file work_33.cif (mmCIF, C-alpha atoms (C1' of nucleotides))
data_target
#
loop_
_atom_site.label_atom_id
_atom_site.label_comp_id
_atom_site.auth_asym_id
_atom_site.auth_seq_id
_atom_site.Cartn_x
_atom_site.Cartn_y
_atom_site.Cartn_z
CA MET Q 1 -137.85 -47.82 -94.54
CA GLN Q 2 -134.12 -48.05 -93.83
CA GLN Q 3 -134.24 -49.05 -90.21
CA ARG Q 4 -136.91 -50.18 -87.81
CA ASN Q 5 -138.15 -47.42 -85.53
CA ASP Q 6 -137.74 -49.27 -82.23
CA GLY Q 7 -139.45 -46.87 -79.86
CA VAL Q 8 -136.52 -44.50 -79.67
CA ARG Q 9 -136.19 -42.10 -82.58
CA ARG Q 10 -133.54 -43.57 -84.83
CA SER Q 11 -132.66 -43.38 -88.49
CA VAL Q 12 -129.54 -43.33 -90.62
CA GLY Q 13 -130.15 -39.74 -91.66
CA ARG Q 14 -130.67 -38.60 -88.09
CA ASP Q 15 -127.42 -40.12 -86.86
CA ARG Q 16 -125.42 -38.71 -89.76
CA LEU Q 17 -126.92 -35.27 -89.18
CA LEU Q 18 -126.06 -35.33 -85.50
CA ALA Q 19 -122.49 -36.44 -86.12
CA THR Q 20 -121.91 -33.95 -88.93
CA ALA Q 21 -123.54 -31.06 -87.08
CA ARG Q 22 -121.46 -31.82 -84.03
CA ARG Q 23 -118.28 -31.63 -86.06
CA LEU Q 24 -119.20 -28.42 -87.88
CA PHE Q 25 -120.69 -26.74 -84.82
CA THR Q 26 -117.64 -27.31 -82.64
CA ARG Q 27 -115.37 -26.04 -85.39
CA HIS Q 28 -117.22 -22.88 -86.43
CA GLY Q 29 -120.08 -22.39 -84.02
CA ALA Q 30 -123.70 -23.32 -84.64
CA SER Q 31 -124.73 -19.85 -85.77
CA ASN Q 32 -121.96 -19.75 -88.35
CA VAL Q 33 -123.07 -23.03 -89.91
CA GLY Q 34 -126.19 -23.06 -92.09
CA ILE Q 35 -128.52 -25.99 -92.48
CA ASN Q 36 -127.38 -26.25 -96.07
CA ASP Q 37 -123.81 -26.73 -94.84
CA VAL Q 38 -124.91 -29.44 -92.44
CA THR Q 39 -127.06 -31.36 -94.87
CA ALA Q 40 -124.51 -31.09 -97.67
CA ALA Q 41 -121.66 -32.29 -95.44
CA ALA Q 42 -123.82 -35.11 -94.13
CA GLY Q 43 -124.74 -36.13 -97.68
CA VAL Q 44 -128.39 -35.83 -96.87
CA ALA Q 45 -131.36 -33.92 -98.24
CA ARG Q 46 -132.52 -30.80 -96.45
CA MET Q 47 -135.91 -32.36 -95.82
CA THR Q 48 -134.29 -35.20 -93.92
CA LEU Q 49 -133.28 -32.63 -91.33
CA TYR Q 50 -136.82 -31.34 -90.96
CA ASN Q 51 -138.23 -34.85 -90.89
CA ASN Q 52 -136.07 -35.61 -87.85
CA PHE Q 53 -135.94 -32.24 -86.10
CA PRO Q 54 -138.57 -29.52 -85.90
CA SER Q 55 -136.02 -26.73 -86.38
CA LYS Q 56 -132.33 -25.92 -86.49
CA GLU Q 57 -132.51 -24.88 -82.86
CA ALA Q 58 -133.82 -28.35 -81.97
CA LEU Q 59 -130.98 -29.97 -83.91
CA THR Q 60 -128.50 -27.73 -82.13
CA ALA Q 61 -129.97 -28.59 -78.76
CA ALA Q 62 -129.86 -32.30 -79.58
CA VAL Q 63 -126.21 -32.02 -80.63
CA TYR Q 64 -125.11 -30.37 -77.40
CA GLU Q 65 -127.36 -32.51 -75.25
CA GLU Q 66 -125.68 -35.58 -76.70
CA MET Q 67 -122.22 -34.05 -76.36
CA ALA Q 68 -122.79 -33.17 -72.73
CA CYS Q 69 -123.97 -36.69 -71.99
CA ALA Q 70 -121.03 -38.27 -73.78
CA THR Q 71 -118.46 -35.98 -72.15
CA LEU Q 72 -119.73 -36.59 -68.63
CA GLN Q 73 -120.01 -40.30 -69.30
CA GLY Q 74 -116.42 -40.35 -70.51
CA LEU Q 75 -115.29 -38.64 -67.32
CA ARG Q 76 -117.22 -41.04 -65.11
CA GLU Q 77 -115.75 -44.07 -66.83
CA MET Q 78 -112.24 -42.70 -66.35
CA ASP Q 79 -111.42 -42.94 -62.69
CA ALA Q 80 -112.44 -46.48 -61.81
CA SER Q 81 -108.86 -47.44 -61.11
CA ASN Q 82 -106.85 -47.03 -57.92
CA LEU Q 83 -105.53 -43.50 -58.26
CA SER Q 84 -105.01 -40.89 -55.61
CA GLU Q 85 -107.29 -37.89 -55.33
CA GLU Q 86 -104.68 -35.65 -56.93
CA GLU Q 87 -104.02 -38.07 -59.77
CA ARG Q 88 -107.70 -38.34 -60.54
CA ILE Q 89 -108.12 -34.57 -60.66
CA LEU Q 90 -105.06 -34.07 -62.85
CA ALA Q 91 -106.33 -36.78 -65.17
CA ILE Q 92 -109.39 -34.62 -65.85
CA PHE Q 93 -107.14 -31.84 -67.13
CA ASP Q 94 -105.32 -34.29 -69.36
CA HIS Q 95 -108.62 -35.61 -70.62
CA PHE Q 96 -109.67 -32.18 -71.90
CA ASP Q 97 -106.14 -31.41 -73.04
CA ARG Q 98 -106.32 -34.13 -75.66
CA SER Q 99 -108.85 -32.29 -77.82
CA GLU Q 100 -107.08 -28.94 -77.41
CA HIS Q 101 -104.32 -29.84 -79.83
CA GLU Q 102 -106.44 -30.53 -82.89
CA ALA Q 103 -106.79 -27.94 -85.62
CA ASP Q 104 -109.63 -25.41 -85.45
CA TYR Q 105 -109.95 -25.91 -81.70
CA ARG Q 106 -112.28 -23.24 -80.33
CA GLY Q 107 -112.11 -23.87 -76.60
CA CYS Q 108 -114.84 -25.59 -74.64
CA PRO Q 109 -117.61 -26.32 -77.17
CA PHE Q 110 -120.25 -25.54 -74.58
CA ILE Q 111 -118.89 -22.10 -73.73
CA HIS Q 112 -118.56 -21.57 -77.46
CA ALA Q 113 -122.18 -22.51 -78.06
CA SER Q 114 -123.59 -20.46 -75.21
CA LEU Q 115 -121.76 -17.33 -76.35
CA GLN Q 116 -122.93 -17.57 -79.93
CA ALA Q 117 -126.60 -17.22 -79.10
CA ALA Q 118 -128.08 -13.72 -78.97
CA ASP Q 119 -129.12 -14.19 -75.34
CA ALA Q 120 -129.39 -16.75 -72.56
CA SER Q 121 -133.07 -17.53 -73.15
CA GLY Q 122 -132.71 -20.41 -75.61
CA PRO Q 123 -132.50 -24.13 -74.87
CA VAL Q 124 -128.77 -24.31 -75.58
CA TYR Q 125 -127.89 -22.08 -72.65
CA ALA Q 126 -129.90 -24.32 -70.34
CA ILE Q 127 -128.03 -27.38 -71.60
CA VAL Q 128 -124.66 -25.70 -71.14
CA HIS Q 129 -125.58 -24.45 -67.69
CA SER Q 130 -126.65 -27.94 -66.73
CA TYR Q 131 -123.45 -29.41 -68.17
CA LYS Q 132 -121.23 -27.05 -66.20
CA HIS Q 133 -123.21 -27.79 -63.08
CA ASP Q 134 -122.85 -31.53 -63.60
CA LEU Q 135 -119.15 -31.16 -64.32
CA ARG Q 136 -118.67 -29.29 -61.06
CA GLU Q 137 -120.63 -32.02 -59.29
CA HIS Q 138 -118.39 -34.68 -60.83
CA ILE Q 139 -115.29 -32.86 -59.64
CA PHE Q 140 -116.86 -32.60 -56.20
CA GLN Q 141 -117.45 -36.35 -56.14
CA VAL Q 142 -113.86 -37.06 -57.15
CA LEU Q 143 -112.57 -35.04 -54.20
CA ASP Q 144 -112.09 -36.78 -50.87
CA GLU Q 145 -115.26 -36.51 -48.85
CA THR Q 146 -113.19 -35.90 -45.75
CA ARG Q 147 -111.68 -32.79 -47.26
CA ARG Q 148 -112.24 -29.40 -45.70
CA ASN Q 149 -113.58 -26.83 -48.21
CA ARG Q 150 -114.45 -29.66 -50.55
CA ALA Q 151 -117.10 -27.50 -52.23
CA GLU Q 152 -114.87 -24.51 -52.82
CA VAL Q 153 -112.02 -26.61 -54.15
CA ALA Q 154 -114.44 -28.14 -56.64
CA ASP Q 155 -115.38 -24.61 -57.75
CA GLN Q 156 -111.74 -23.66 -58.09
CA ILE Q 157 -110.86 -26.72 -60.15
CA LEU Q 158 -113.73 -25.92 -62.51
CA LEU Q 159 -112.51 -22.34 -62.86
CA LEU Q 160 -109.07 -23.61 -63.76
CA LEU Q 161 -110.55 -26.01 -66.30
CA ASP Q 162 -112.57 -23.23 -67.93
CA GLY Q 163 -109.54 -20.99 -68.00
CA ALA Q 164 -107.34 -23.69 -69.47
CA VAL Q 165 -109.63 -24.59 -72.37
CA THR Q 166 -110.25 -20.92 -73.09
CA GLU Q 167 -106.58 -19.98 -73.17
CA ALA Q 168 -105.82 -23.03 -75.26
CA TYR Q 169 -107.77 -21.16 -77.93
CA LEU Q 170 -106.81 -17.56 -77.19
CA LYS Q 171 -103.17 -18.40 -76.51
CA GLY Q 172 -102.64 -15.66 -73.96
CA VAL Q 173 -100.97 -18.39 -71.90
CA ALA Q 174 -98.29 -20.53 -73.47
CA ASP Q 175 -99.10 -23.88 -71.86
CA PRO Q 176 -102.44 -23.51 -70.10
CA THR Q 177 -102.93 -27.17 -69.22
CA THR Q 178 -99.61 -27.43 -67.41
CA ALA Q 179 -100.19 -24.17 -65.57
CA ALA Q 180 -103.69 -25.27 -64.57
CA LYS Q 181 -102.49 -28.68 -63.39
CA HIS Q 182 -99.80 -27.14 -61.24
CA ALA Q 183 -102.32 -24.71 -59.80
CA ALA Q 184 -104.74 -27.54 -59.09
CA ALA Q 185 -102.05 -29.59 -57.39
CA THR Q 186 -101.09 -26.63 -55.24
CA LEU Q 187 -104.70 -26.04 -54.24
CA LEU Q 188 -105.24 -29.70 -53.43
CA ARG Q 189 -102.17 -29.83 -51.20
CA SER Q 190 -102.63 -26.61 -49.33
CA THR Q 191 -106.34 -26.42 -48.68
CA MET K 1 -118.43 19.97 -90.65
CA GLN K 2 -119.17 19.16 -87.01
CA GLN K 3 -115.63 18.95 -85.78
CA ARG K 4 -112.22 19.65 -87.18
CA ASN K 5 -110.39 16.56 -88.40
CA ASP K 6 -107.16 17.13 -86.48
CA GLY K 7 -105.00 14.42 -87.93
CA VAL K 8 -106.64 11.71 -85.89
CA ARG K 9 -109.94 10.47 -87.25
CA ARG K 10 -112.62 12.12 -85.16
CA SER K 11 -116.25 13.11 -85.60
CA VAL K 12 -119.40 13.19 -83.50
CA GLY K 13 -120.96 10.39 -85.52
CA ARG K 14 -117.88 8.23 -85.20
CA ASP K 15 -117.72 8.58 -81.42
CA ARG K 16 -121.42 7.89 -80.99
CA LEU K 17 -121.16 4.83 -83.21
CA LEU K 18 -118.22 3.44 -81.27
CA ALA K 19 -119.93 3.97 -77.91
CA THR K 20 -123.25 2.53 -79.06
CA ALA K 21 -121.67 -0.42 -80.83
CA ARG K 22 -119.61 -1.18 -77.74
CA ARG K 23 -122.73 -1.30 -75.61
CA LEU K 24 -124.74 -3.45 -78.03
CA PHE K 25 -121.83 -5.75 -78.91
CA THR K 26 -121.00 -6.57 -75.31
CA ARG K 27 -124.65 -7.27 -74.56
CA HIS K 28 -125.58 -9.44 -77.53
CA GLY K 29 -122.40 -10.13 -79.45
CA ALA K 30 -121.27 -8.33 -82.59
CA SER K 31 -122.65 -10.95 -84.96
CA ASN K 32 -126.08 -10.72 -83.35
CA VAL K 33 -126.27 -6.96 -83.82
CA GLY K 34 -126.93 -5.55 -87.29
CA ILE K 35 -125.64 -2.24 -88.56
CA ASN K 36 -129.21 -1.00 -88.64
CA ASP K 37 -129.45 -1.69 -84.91
CA VAL K 38 -126.23 0.19 -84.25
CA THR K 39 -127.05 3.22 -86.38
CA ALA K 40 -130.61 3.42 -85.08
CA ALA K 41 -129.50 3.19 -81.44
CA ALA K 42 -126.80 5.76 -82.07
CA GLY K 43 -129.31 8.09 -83.71
CA VAL K 44 -127.19 8.24 -86.81
CA ALA K 45 -127.69 7.56 -90.48
CA ARG K 46 -126.39 4.33 -91.92
CA MET K 47 -124.12 6.22 -94.29
CA THR K 48 -122.39 7.85 -91.35
CA LEU K 49 -121.13 4.42 -90.43
CA TYR K 50 -119.71 3.77 -93.87
CA ASN K 51 -118.24 7.25 -94.05
CA ASN K 52 -116.22 6.50 -90.90
CA PHE K 53 -115.54 2.77 -91.26
CA PRO K 54 -114.98 0.73 -94.39
CA SER K 55 -117.08 -2.18 -93.12
CA LYS K 56 -118.84 -3.60 -90.11
CA GLU K 57 -115.80 -5.76 -89.43
CA ALA K 58 -113.67 -2.61 -89.23
CA LEU K 59 -116.14 -1.03 -86.81
CA THR K 60 -116.08 -4.18 -84.71
CA ALA K 61 -112.30 -4.24 -84.68
CA ALA K 62 -112.20 -0.56 -83.68
CA VAL K 63 -114.66 -1.20 -80.85
CA TYR K 64 -112.64 -4.02 -79.33
CA GLU K 65 -109.33 -2.31 -79.97
CA GLU K 66 -110.58 0.67 -77.98
CA MET K 67 -112.04 -1.55 -75.27
CA ALA K 68 -108.81 -3.45 -74.86
CA CYS K 69 -106.87 -0.23 -74.57
CA ALA K 70 -109.31 1.23 -72.03
CA THR K 71 -109.44 -1.95 -69.95
CA LEU K 72 -105.68 -2.27 -69.70
CA GLN K 73 -105.34 1.44 -68.99
CA GLY K 74 -107.88 1.12 -66.18
CA LEU K 75 -105.90 -1.74 -64.67
CA ARG K 76 -102.62 0.16 -64.88
CA GLU K 77 -104.06 3.19 -63.16
CA MET K 78 -105.41 1.03 -60.36
CA ASP K 79 -102.45 -0.10 -58.33
CA ALA K 80 -100.47 3.09 -57.82
CA SER K 81 -101.15 3.00 -54.12
CA ASN K 82 -99.22 1.19 -51.41
CA LEU K 83 -100.83 -2.22 -51.45
CA SER K 84 -99.25 -5.61 -50.94
CA GLU K 85 -98.72 -7.97 -53.82
CA GLU K 86 -101.70 -10.08 -52.76
CA GLU K 87 -103.97 -7.07 -52.34
CA ARG K 88 -103.07 -5.80 -55.78
CA ILE K 89 -103.83 -9.14 -57.40
CA LEU K 90 -107.12 -9.55 -55.57
CA ALA K 91 -108.08 -6.02 -56.59
CA ILE K 92 -107.91 -7.15 -60.22
CA PHE K 93 -110.55 -9.79 -59.54
CA ASP K 94 -112.75 -7.19 -57.86
CA HIS K 95 -112.24 -4.86 -60.78
CA PHE K 96 -113.68 -7.39 -63.23
CA ASP K 97 -116.29 -8.49 -60.73
CA ARG K 98 -117.96 -5.09 -60.85
CA SER K 99 -119.25 -5.56 -64.39
CA GLU K 100 -120.34 -9.14 -63.75
CA HIS K 101 -123.42 -8.11 -61.80
CA GLU K 102 -125.11 -6.01 -64.44
CA ALA K 103 -127.95 -7.42 -66.48
CA ASP K 104 -127.20 -9.18 -69.75
CA TYR K 105 -123.64 -9.91 -68.67
CA ARG K 106 -122.05 -12.30 -71.16
CA GLY K 107 -118.70 -12.98 -69.57
CA CYS K 108 -115.45 -11.47 -70.80
CA PRO K 109 -116.40 -9.36 -73.86
CA PHE K 110 -113.21 -10.38 -75.61
CA ILE K 111 -113.77 -14.09 -75.23
CA HIS K 112 -117.34 -13.44 -76.31
CA ALA K 113 -116.21 -11.60 -79.42
CA SER K 114 -113.57 -14.11 -80.41
CA LEU K 115 -116.01 -17.02 -80.15
CA GLN K 116 -118.67 -15.36 -82.26
CA ALA K 117 -116.53 -15.20 -85.37
CA ALA K 118 -116.58 -18.13 -87.75
CA ASP K 119 -112.85 -18.71 -87.34
CA ALA K 120 -109.68 -17.21 -85.89
CA SER K 121 -108.55 -15.57 -89.13
CA GLY K 122 -110.25 -12.20 -88.69
CA PRO K 123 -108.86 -9.04 -87.08
CA VAL K 124 -110.93 -9.44 -83.91
CA TYR K 125 -109.16 -12.63 -82.88
CA ALA K 126 -105.81 -10.90 -83.21
CA ILE K 127 -107.00 -8.06 -80.98
CA VAL K 128 -108.33 -10.45 -78.37
CA HIS K 129 -105.18 -12.54 -78.47
CA SER K 130 -103.12 -9.42 -77.98
CA TYR K 131 -105.36 -8.24 -75.15
CA LYS K 132 -105.03 -11.52 -73.27
CA HIS K 133 -101.31 -11.45 -73.76
CA ASP K 134 -101.08 -7.92 -72.42
CA LEU K 135 -103.32 -8.79 -69.49
CA ARG K 136 -101.03 -11.65 -68.58
CA GLU K 137 -98.08 -9.31 -68.87
CA HIS K 138 -99.76 -6.82 -66.55
CA ILE K 139 -100.36 -9.54 -63.97
CA PHE K 140 -96.74 -10.57 -64.32
CA GLN K 141 -95.63 -7.00 -63.63
CA VAL K 142 -97.85 -6.77 -60.56
CA LEU K 143 -96.20 -9.86 -59.08
CA ASP K 144 -93.07 -9.40 -56.98
CA GLU K 145 -90.05 -9.64 -59.20
CA THR K 146 -88.28 -11.63 -56.53
CA ARG K 147 -90.89 -14.35 -56.69
CA ARG K 148 -90.01 -17.85 -57.74
CA ASN K 149 -92.24 -19.12 -60.60
CA ARG K 150 -93.36 -15.59 -61.24
CA ALA K 151 -94.23 -16.47 -64.83
CA GLU K 152 -96.28 -19.51 -64.01
CA VAL K 153 -98.19 -17.76 -61.25
CA ALA K 154 -99.08 -15.03 -63.74
CA ASP K 155 -100.43 -17.72 -66.05
CA GLN K 156 -102.42 -19.27 -63.25
CA ILE K 157 -103.95 -15.95 -62.17
CA LEU K 158 -105.06 -15.33 -65.75
CA LEU K 159 -106.63 -18.79 -65.93
CA LEU K 160 -108.57 -18.05 -62.75
CA LEU K 161 -109.70 -14.70 -64.15
CA ASP K 162 -110.91 -16.31 -67.36
CA GLY K 163 -112.69 -18.99 -65.41
CA ALA K 164 -114.33 -16.51 -63.06
CA VAL K 165 -115.77 -14.25 -65.77
CA THR K 166 -116.93 -17.27 -67.74
CA GLU K 167 -118.70 -18.91 -64.81
CA ALA K 168 -120.21 -15.58 -63.83
CA TYR K 169 -122.21 -16.04 -67.02
CA LEU K 170 -122.71 -19.81 -67.09
CA LYS K 171 -123.41 -20.03 -63.37
CA GLY K 172 -121.96 -23.51 -62.95
CA VAL K 173 -120.22 -22.02 -59.92
CA ALA K 174 -122.25 -20.09 -57.36
CA ASP K 175 -119.75 -17.35 -56.47
CA PRO K 176 -116.91 -17.55 -58.99
CA THR K 177 -115.15 -14.35 -57.97
CA THR K 178 -114.84 -15.40 -54.34
CA ALA K 179 -113.67 -18.87 -55.28
CA ALA K 180 -111.13 -17.43 -57.72
CA LYS K 181 -109.82 -14.91 -55.19
CA HIS K 182 -109.34 -17.59 -52.56
CA ALA K 183 -107.56 -19.77 -55.10
CA ALA K 184 -105.35 -16.87 -56.12
CA ALA K 185 -104.49 -16.09 -52.51
CA THR K 186 -103.61 -19.72 -51.90
CA LEU K 187 -101.38 -19.82 -54.96
CA LEU K 188 -99.65 -16.58 -54.00
CA ARG K 189 -98.90 -17.82 -50.50
CA SER K 190 -97.75 -21.31 -51.31
CA THR K 191 -95.72 -20.88 -54.45
"C1'" DC U 1 -144.50 -66.03 -103.32
"C1'" DG U 2 -145.64 -61.91 -105.32
"C1'" DT U 3 -148.00 -57.72 -104.66
"C1'" DT U 4 -149.22 -53.72 -102.26
"C1'" DT U 5 -148.49 -50.48 -98.75
"C1'" DT U 6 -145.90 -47.12 -96.57
"C1'" DA U 7 -142.14 -44.87 -94.13
"C1'" DG U 8 -137.90 -42.65 -95.01
"C1'" DG U 9 -135.11 -40.35 -98.10
"C1'" DT U 10 -134.11 -37.20 -102.35
"C1'" DA U 11 -133.76 -33.07 -105.29
"C1'" DG U 12 -134.83 -28.72 -106.13
"C1'" DA U 13 -137.90 -24.89 -106.62
"C1'" DC U 14 -139.64 -21.53 -103.73
"C1'" DC U 15 -140.93 -18.00 -99.89
"C1'" DG U 16 -140.25 -14.39 -96.51
"C1'" DG U 17 -137.08 -12.27 -93.76
"C1'" DT U 18 -132.84 -10.10 -92.80
"C1'" DA U 19 -128.03 -8.96 -93.40
"C1'" DT U 20 -124.26 -5.92 -95.34
"C1'" DA U 21 -123.35 -2.57 -98.37
"C1'" DT U 22 -124.11 1.08 -102.12
"C1'" DC U 23 -126.20 4.99 -104.46
"C1'" DT U 24 -128.47 9.29 -104.70
"C1'" DA U 25 -130.39 13.60 -103.55
"C1'" DC U 26 -131.10 16.64 -99.84
"C1'" DT U 27 -129.81 19.26 -95.50
"C1'" DT U 28 -126.95 21.25 -92.02
"C1'" DT U 29 -123.17 23.94 -90.37
"C1'" DA U 30 -118.29 25.50 -89.47
"C1'" DT B 1 -118.23 26.67 -100.01
"C1'" DA B 2 -117.34 22.24 -98.73
"C1'" DA B 3 -117.29 18.67 -95.40
"C1'" DA B 4 -120.33 15.95 -92.60
"C1'" DG B 5 -124.61 14.06 -91.91
"C1'" DT B 6 -129.54 12.51 -93.33
"C1'" DA B 7 -133.17 9.61 -95.31
"C1'" DG B 8 -134.48 6.20 -97.96
"C1'" DA B 9 -134.55 3.36 -102.03
"C1'" DT B 10 -131.97 -0.32 -103.70
"C1'" DA B 11 -128.77 -4.29 -104.87
"C1'" DT B 12 -127.17 -8.66 -103.54
"C1'" DA B 13 -126.68 -12.50 -100.85
"C1'" DC B 14 -127.80 -15.78 -97.55
"C1'" DC B 15 -130.65 -18.03 -94.08
"C1'" DG B 16 -134.29 -20.98 -92.08
"C1'" DG B 17 -138.04 -23.23 -93.49
"C1'" DT B 18 -141.90 -25.15 -96.67
"C1'" DC B 19 -143.75 -27.64 -100.50
"C1'" DT B 20 -144.01 -30.89 -104.13
"C1'" DA B 21 -143.00 -34.84 -106.89
"C1'" DC B 22 -140.39 -38.62 -107.05
"C1'" DC B 23 -137.66 -42.75 -105.61
"C1'" DT B 24 -136.50 -46.90 -102.92
"C1'" DA B 25 -136.86 -50.72 -100.08
"C1'" DA B 26 -138.50 -53.06 -96.10
"C1'" DA B 27 -142.68 -54.83 -94.25
"C1'" DA B 28 -147.49 -56.42 -94.37
"C1'" DC B 29 -150.61 -59.34 -96.43
"C1'" DG B 30 -153.62 -62.26 -99.53
#
call {"tool": "encode", "arguments": {"input": "work_33.cif", "output": "structure tokens"}}
result
Amino acid sequence: MQQRNDGVRRSVGRDRLLATARRLFTRHGASNVGINDVTAAAGVARMTLYNNFPSKEALTAAVYEEMACATLQGLREMDASNLSEEERILAIFDHFDRSEHEADYRGCPFIHASLQAADASGPVYAIVHSYKHDLREHIFQVLDETRRNRAEVADQILLLLDGAVTEAYLKGVADPTTAAKHAAATLLRST
Amino acid sequence: MQQRNDGVRRSVGRDRLLATARRLFTRHGASNVGINDVTAAAGVARMTLYNNFPSKEALTAAVYEEMACATLQGLREMDASNLSEEERILAIFDHFDRSEHEADYRGCPFIHASLQAADASGPVYAIVHSYKHDLREHIFQVLDETRRNRAEVADQILLLLDGAVTEAYLKGVADPTTAAKHAAATLLRST
DNA sequence: CGTTTTAGGTAGACCGGTATATCTACTTTA
DNA sequence: TAAAGTAGATATACCGGTCTACCTAAAACG
């Protein structure tokens, strides 16, 4: 055996599958990527997938579960420094803006994933819903607790974030991140 | 022949296919609906589809082309009355909000369609890109021409619209339309 | 220390289902 | 009469998933 199974499920094949699937899924969408594509790109046998995951849907869920966790963790580790409320909010936009400039960007990977499924009954939708909820909660926590309409401003910031990542793909807006940041700053100052 | 071909392509089967495909595509996504589903739901033979469209991709493109045209036309016919700038903008949010409450709502059908394709090279992406561009242009025209930052406010309104329709599906925000309208009103007043 | 055990991985054939698309012969109707 | 539509068999391709036989190397053990 390649690596000791220390309680948590762990193997070289599993990690390579997750990393490869994440890359392919975010680029083309999970439903446009076959298991043969994933296993071939990961340099792994097809049976390795089914030895680590019961189905493609389970692999997909694991991929987005991990992505959601990593994204939220990255956001939480960001604003430990001494920034103002506005600076911390604007930094969130910049954080997402970084990935928007790479080739084959398809907007928010979670929106992408949830819209590829045939309906909202699968596990992926639940993960995405939870992610968006947690993201809104994070924004809420970043906002000053003394603020009036703290809840609604958190909602509005999330709407701007969703719009910015979406238009970064659809290009109906020339510079969505800048527009969204200016909008956010205006909302923060005038609410 | 059912109906005279008066220059423009037109037939009973074609119209029924377009209407049925539009309904099924917006509910489940074009790539999750087979041509057998479309033809069966339209009460039409499969060959009728291929007699009117060269491929499923062409049917899909025709569906979204028509939808984009109808949606923009509906918006243009809306604000002929004597409303203020703010009222006209907020009416756009209400206009999209109407469809958000029906069952199986999947957010903006155009975003939905563009994210289902494997990449942005197909004809559907071009249609969606054009639609978003035209929608932004319409918003721009609705805004007072005397307004400072008229262009950027148009961008920001579109971002809020995209965010609202998206969160109406993902439900990370409880009442996205209300939050978006308040944000839009704030931006209109303070810019 | 050397042997055996065993988990994890490999390669590829294979299955059933479904997708788009084509072909053909027949029917309807302006 | 000729265009438009019908019904269904069919071709072709891919997809998720299973099965088998084999390989490899770390770990368990006498």
call {"tool": "closest_residue", "arguments": {"input": "work_33.cif", "among": "U:DT5, U:DT18, U:DT10, U:DT24", "to": "DT6 in chain B", "atoms": "only C-alpha atoms (C1' of nucleotides)"}}
result
U:DT24
call {"tool": "resolve_selection", "arguments": {"input": "work_33.cif", "expression": "the PyMOL selection byres ((chain K and resi 39) around 10)", "output": "list in words"}}
result
Gly13, Arg16, Leu17, Thr20, Ala21, Gly34, Ile35, Asn36, Asp37, Val38, Ala40, Ala41, Ala42, Gly43, Val44, Ala45, Arg46, Met47, Thr48 and Leu49 of chain K
call {"tool": "write_last_selection", "arguments": {"input": "work_33.cif", "atoms": "C-alpha atoms", "output": "PDB file, in the frame of the given file"}}
result
ATOM      1  CA  GLY K  13    -120.960  10.390 -85.520  1.00  0.00           C
ATOM      2  CA  ARG K  16    -121.420   7.890 -80.990  1.00  0.00           C
ATOM      3  CA  LEU K  17    -121.160   4.830 -83.210  1.00  0.00           C
ATOM      4  CA  THR K  20    -123.250   2.530 -79.060  1.00  0.00           C
ATOM      5  CA  ALA K  21    -121.670  -0.420 -80.830  1.00  0.00           C
ATOM      6  CA  GLY K  34    -126.930  -5.550 -87.290  1.00  0.00           C
ATOM      7  CA  ILE K  35    -125.640  -2.240 -88.560  1.00  0.00           C
ATOM      8  CA  ASN K  36    -129.210  -1.000 -88.640  1.00  0.00           C
ATOM      9  CA  ASP K  37    -129.450  -1.690 -84.910  1.00  0.00           C
ATOM     10  CA  VAL K  38    -126.230   0.190 -84.250  1.00  0.00           C
ATOM     11  CA  ALA K  40    -130.610   3.420 -85.080  1.00  0.00           C
ATOM     12  CA  ALA K  41    -129.500   3.190 -81.440  1.00  0.00           C
ATOM     13  CA  ALA K  42    -126.800   5.760 -82.070  1.00  0.00           C
ATOM     14  CA  GLY K  43    -129.310   8.090 -83.710  1.00  0.00           C
ATOM     15  CA  VAL K  44    -127.190   8.240 -86.810  1.00  0.00           C
ATOM     16  CA  ALA K  45    -127.690   7.560 -90.480  1.00  0.00           C
ATOM     17  CA  ARG K  46    -126.390   4.330 -91.920  1.00  0.00           C
ATOM     18  CA  MET K  47    -124.120   6.220 -94.290  1.00  0.00           C
ATOM     19  CA  THR K  48    -122.390   7.850 -91.350  1.00  0.00           C
ATOM     20  CA  LEU K  49    -121.130   4.420 -90.430  1.00  0.00           C
TER      21      LEU K  49
END
call {"tool": "interface_residues", "arguments": {"input": "work_33.cif", "of": "chain U", "to": "chain K", "cutoff": "9 Å", "atoms": "all atoms listed in the file", "output": "ChimeraX atom specification"}}
result
/U:19-21,28-30
call {"tool": "residues_around", "arguments": {"input": "work_33.cif", "residues": "Ala164 in chain K", "least_positions_apart": "2", "cutoff": "12 Å", "atoms": "only C-alpha atoms (C1' of nucleotides)", "output": "ChimeraX atom specification"}}
result
/Q:155-164,166 /K:92-94,96-97,100,106-108,157-162,166-184
call {"tool": "interface_residues", "arguments": {"input": "work_33.cif", "of": "chain B", "to": "chain Q", "cutoff": "10 Å", "atoms": "all atoms listed in the file", "output": "PyMOL selection string"}}
result
chain B and resi 14-18+24-27
call {"tool": "write_last_selection", "arguments": {"input": "work_33.cif", "atoms": "C-alpha atoms (C1' of nucleotides)", "output": "compact mmCIF listing (two decimals), in the coordinates of the input"}}
result
# COMPACT_ATOMS: atom_id res chain seq x y z
C1' DC B 14 -127.80 -15.78 -97.55
C1' DC B 15 -130.65 -18.03 -94.08
C1' DG B 16 -134.29 -20.98 -92.08
C1' DG B 17 -138.04 -23.23 -93.49
C1' DT B 18 -141.90 -25.15 -96.67
C1' DT B 24 -136.50 -46.90 -102.92
C1' DA B 25 -136.86 -50.72 -100.08
C1' DA B 26 -138.50 -53.06 -96.10
C1' DA B 27 -142.68 -54.83 -94.25
call {"tool": "axis_aligned_box", "arguments": {"input": "work_33.cif", "around": "range 105-118 of chain Q", "padding_each_side": "8 Å", "output": "JSON"}}
result
{"center_x": -119.0, "center_y": -20.0, "center_z": -77.7, "size_x": 34.1, "size_y": 28.6, "size_z": 24.0}
